[in-house]
Amino acid sequence: MTTCALCNSGKIEDLTQQMSFSWQICKDCNYAFILPDFDAEDGLDVLSADRGNAYINFYGKKFKSKMRRARKRAAFLKKQAKGKHVLDVGCNLGYFVEACRELNMQAVGVEVSESVVEQAKEYFPKSDFICDFLENIDFEDRHFDVVYTSEVLEHVPDVNAFMSTIATIMNKGGVLYLTTPELKGYQNNSKTGGWENLHAPNHRQYFSKDNIVKFLEKHGFENVRLLRNWNLKPGIKLVAFKK
C-alpha cells in the first residue's frame, strides 16, 4: 500500500497519467508524486553529459542576471545568519557560492552533474564545489549556518532523507532558504481540470504552501516564512530556522 511521504496517509488517489508516469496525490495533505519510486540515479537526466551541457549553455547565457540575483540573496541571508558557514545544495554553475565568497562567507556548493561542476570551477576558481549527492557526502564535524537549495526539492528521490540530511548538518538557529515549484502552478484553466507537463521523471514531486510548512516542521525547523515570489508561474520561496 502506498502512503504519503509527508503525512503517512493512505488516502492516495490518481492525479494524472503523463506518458508512462502515474502521478498520485495525497487527499489529506495535497502532496503530489510519481509512481513508481526511483533510486537516486534512475531517471535523473541531470547526470547525463548532454543535460549538463544544456544547463551550462542555458544558464551561462544568464551569467550577469544570475550573479545579480545571487548577490541579493547572499546579502539577505548574511543578515539572517548567526555565522558564516554556507552550503548550497544543487548549486548549478556556482553563482550563489561565489556571491557568498565575495561577502567573506565560507561557502561550498554541491551539485550532481560533473560537467556543471567543472564549469563552475572554471567560472569561480576561488570557490569550493563538490560533485555528489548530498546524502553521500561526509561533512565530518562540519555544520552550516545557512543552507541554500533552490529548485532542487522537486528532483530528489527521497524528500525525507534529503531534508533529514540538511537538518543534521545545520547549526541550531541556522537558516534554510528554499525554493521549489508549487503544484497549483501546473493546473491549467481548462474545464476538464487538466494538468500541464509535470516533467516526470526529472521532477518527482510537488508541494503546496501549506504542506511544505508542515514538512519542514516535521524535520526540526520553525518560524517558516513564505517569501513573495515574482515569477509568473506560482512557486514556493521561503526561509526557515533550525530548532
# chains A, B, ... in the order shown; residues from 1 in each chain; ligands from 1
call {"tool": "residues_around", "arguments": {"residues": "Met105 (chain A)", "least_positions_apart": "2", "cutoff": "12 Å", "atoms": "only C-alpha atoms", "output": "ChimeraX atom specification"}}
result
/A:74-75,77-79,81-87,96-103,107-108,127-128,144-146
call {"tool": "write_last_selection", "arguments": {"atoms": "N, CA and C atoms", "output": "compact mmCIF listing (two decimals), in the first residue's frame"}}
result
# COMPACT_ATOMS: atom_id res chain seq x y z
N ALA A 74 22.41 36.46 -1.26
CA ALA A 74 23.50 36.26 -0.31
C ALA A 74 23.53 37.37 0.73
N ALA A 75 23.32 38.61 0.30
CA ALA A 75 23.30 39.74 1.23
C ALA A 75 22.14 39.61 2.21
N LEU A 77 20.69 36.78 3.20
CA LEU A 77 20.92 35.68 4.13
C LEU A 77 22.05 35.97 5.11
N LYS A 78 23.01 36.77 4.70
CA LYS A 78 24.07 37.14 5.64
C LYS A 78 23.49 37.90 6.82
N LYS A 79 22.46 38.70 6.58
CA LYS A 79 21.81 39.44 7.67
C LYS A 79 21.02 38.51 8.58
N ALA A 81 21.76 35.20 9.12
CA ALA A 81 22.57 34.12 9.67
C ALA A 81 23.33 34.53 10.93
N LYS A 82 23.55 33.54 11.80
CA LYS A 82 24.33 33.75 13.01
C LYS A 82 25.82 33.50 12.78
N GLY A 83 26.14 32.85 11.67
CA GLY A 83 27.54 32.55 11.35
C GLY A 83 27.77 32.69 9.86
N LYS A 84 28.95 32.26 9.40
CA LYS A 84 29.33 32.49 8.01
C LYS A 84 29.52 31.22 7.19
N HIS A 85 29.15 30.07 7.75
CA HIS A 85 29.34 28.80 7.03
C HIS A 85 28.08 28.49 6.21
N VAL A 86 28.26 28.36 4.89
CA VAL A 86 27.14 28.27 3.95
C VAL A 86 27.28 27.03 3.08
N LEU A 87 26.16 26.35 2.86
CA LEU A 87 26.10 25.22 1.93
C LEU A 87 25.03 25.49 0.89
N PHE A 96 25.61 31.47 -6.52
CA PHE A 96 25.36 31.81 -5.11
C PHE A 96 26.60 31.54 -4.25
N VAL A 97 27.32 30.49 -4.53
CA VAL A 97 28.54 30.18 -3.78
C VAL A 97 29.55 31.32 -3.93
N GLU A 98 29.72 31.79 -5.14
CA GLU A 98 30.65 32.89 -5.39
C GLU A 98 30.17 34.18 -4.73
N ALA A 99 28.86 34.43 -4.77
CA ALA A 99 28.32 35.64 -4.14
C ALA A 99 28.59 35.63 -2.64
N CYS A 100 28.49 34.46 -2.02
CA CYS A 100 28.79 34.35 -0.59
C CYS A 100 30.27 34.56 -0.33
N ARG A 101 31.12 34.00 -1.18
CA ARG A 101 32.56 34.20 -1.01
C ARG A 101 32.92 35.68 -1.08
N GLU A 102 32.27 36.42 -1.97
CA GLU A 102 32.52 37.86 -2.09
C GLU A 102 32.17 38.60 -0.80
N LEU A 103 31.27 38.02 -0.01
CA LEU A 103 30.86 38.63 1.26
C LEU A 103 31.63 38.05 2.45
N ALA A 107 31.62 29.35 1.89
CA ALA A 107 30.57 28.62 1.19
C ALA A 107 31.13 27.45 0.40
N VAL A 108 30.33 26.40 0.32
CA VAL A 108 30.65 25.25 -0.52
C VAL A 108 29.39 24.88 -1.30
N SER A 127 36.19 29.46 -5.40
CA SER A 127 35.09 28.88 -4.64
C SER A 127 35.21 27.36 -4.60
N ASP A 128 34.52 26.74 -3.63
CA ASP A 128 34.61 25.30 -3.40
C ASP A 128 33.35 24.58 -3.88
N PHE A 144 26.61 23.93 9.25
CA PHE A 144 26.38 25.13 8.45
C PHE A 144 25.37 26.06 9.11
N ASP A 145 25.62 27.35 8.92
CA ASP A 145 24.73 28.39 9.44
C ASP A 145 23.65 28.76 8.42
N VAL A 146 23.93 28.49 7.16
CA VAL A 146 22.98 28.74 6.07
C VAL A 146 23.01 27.54 5.13
call {"tool": "closest_atom_pairs", "arguments": {"of": "region 125-165 of chain A", "to": "region 45-60 of chain A", "cutoff": "12 Å", "atoms": "only C-alpha atoms", "output": "tab-separated table"}}
result
residue	atom	partner	partner_atom	distance
A:Cys131	CA	A:Leu47	CA	10.5
A:Asp132	CA	A:Leu47	CA	10.2
A:Phe133	CA	A:Leu47	CA	10.7
A:Val152	CA	A:Val46	CA	11.3
A:His155	CA	A:Val46	CA	9.6
A:Val156	CA	A:Val46	CA	11.4
call {"tool": "select_by_dssp", "arguments": {"residues": "region 48-193 of chain A", "states": "helix (DSSP H, G or I)", "output": "ChimeraX atom specification"}}
result
/A:49-60,63-80,95-102,114-123,134-136,159-168,183-186
call {"tool": "closest_atom_pairs", "arguments": {"of": "region 7-122 of chain A", "to": "region 207-226 of chain A", "cutoff": "9 Å", "atoms": "only C-alpha atoms", "output": "tab-separated table"}}
result
residue	atom	partner	partner_atom	distance
A:Cys7	CA	A:Phe215	CA	8.1
A:Cys29	CA	A:Asn211	CA	6.0
A:Asn30	CA	A:Ser208	CA	7.0
A:Tyr31	CA	A:Phe207	CA	5.4
A:Ala32	CA	A:Phe207	CA	6.8
call {"tool": "closest_residue", "arguments": {"among": "A:Lys242, A:Thr168, A:Asp88, A:Tyr123", "to": "Arg73 (chain A)", "atoms": "only C-alpha atoms"}}
result
A:Asp88
call {"tool": "atom_distance", "arguments": {"atom1": "CA of Leu183 (chain A)", "atom2": "CA of Leu134 (chain A)"}}
result
24.4 Å
call {"tool": "select_by_dssp", "arguments": {"residues": "region 67-143 of chain A", "states": "strand (DSSP E)", "output": "VMD selection string"}}
result
chain A and resid 85 to 89 106 to 111 128 to 131
call {"tool": "closest_residue", "arguments": {"among": "A:Phe129, A:Lys72, A:Asp158, A:Thr180", "to": "Asn231 (chain A)", "atoms": "only C-alpha atoms"}}
result
A:Thr180
call {"tool": "residues_around", "arguments": {"residues": "Thr149 (chain A)", "least_positions_apart": "2", "cutoff": "9 Å", "atoms": "only C-alpha atoms", "output": "ChimeraX atom specification"}}
result
/A:87-91,147,151-153,176-180
call {"tool": "residues_around", "arguments": {"residues": "Asn160 (chain A)", "least_positions_apart": "3", "cutoff": "9 Å", "atoms": "only C-alpha atoms", "output": "PDB file with C-alpha atoms, in the first residue's frame"}}
result
ATOM      1  CA  ALA A   5       5.836  10.590   2.310  1.00  0.00           C
ATOM      2  CA  LEU A   6       4.759  13.770   4.087  1.00  0.00           C
ATOM      3  CA  MET A 163      15.660  17.117   4.408  1.00  0.00           C
ATOM      4  CA  SER A 164      16.853  14.976   7.306  1.00  0.00           C
ATOM      5  CA  THR A 165      20.401  15.273   5.954  1.00  0.00           C
ATOM      6  CA  PHE A 215       7.038  19.039   6.209  1.00  0.00           C
ATOM      7  CA  HIS A 219      12.207  17.842  10.220  1.00  0.00           C
TER       8      HIS A 219
END
call {"tool": "atom_distance", "arguments": {"atom1": "CA of Val175 (chain A)", "atom2": "CA of Ser65 (chain A)"}}
result
24.3 Å
call {"tool": "atom_distance", "arguments": {"atom1": "CA of Lys184 (chain A)", "atom2": "CA of Lys233 (chain A)"}}
result
9.1 Å
call {"tool": "closest_residue", "arguments": {"among": "A:Pro234, A:Pro157, A:Gly174, A:Pro181", "to": "Arg204 (chain A)", "atoms": "only C-alpha atoms"}}
result
A:Pro157
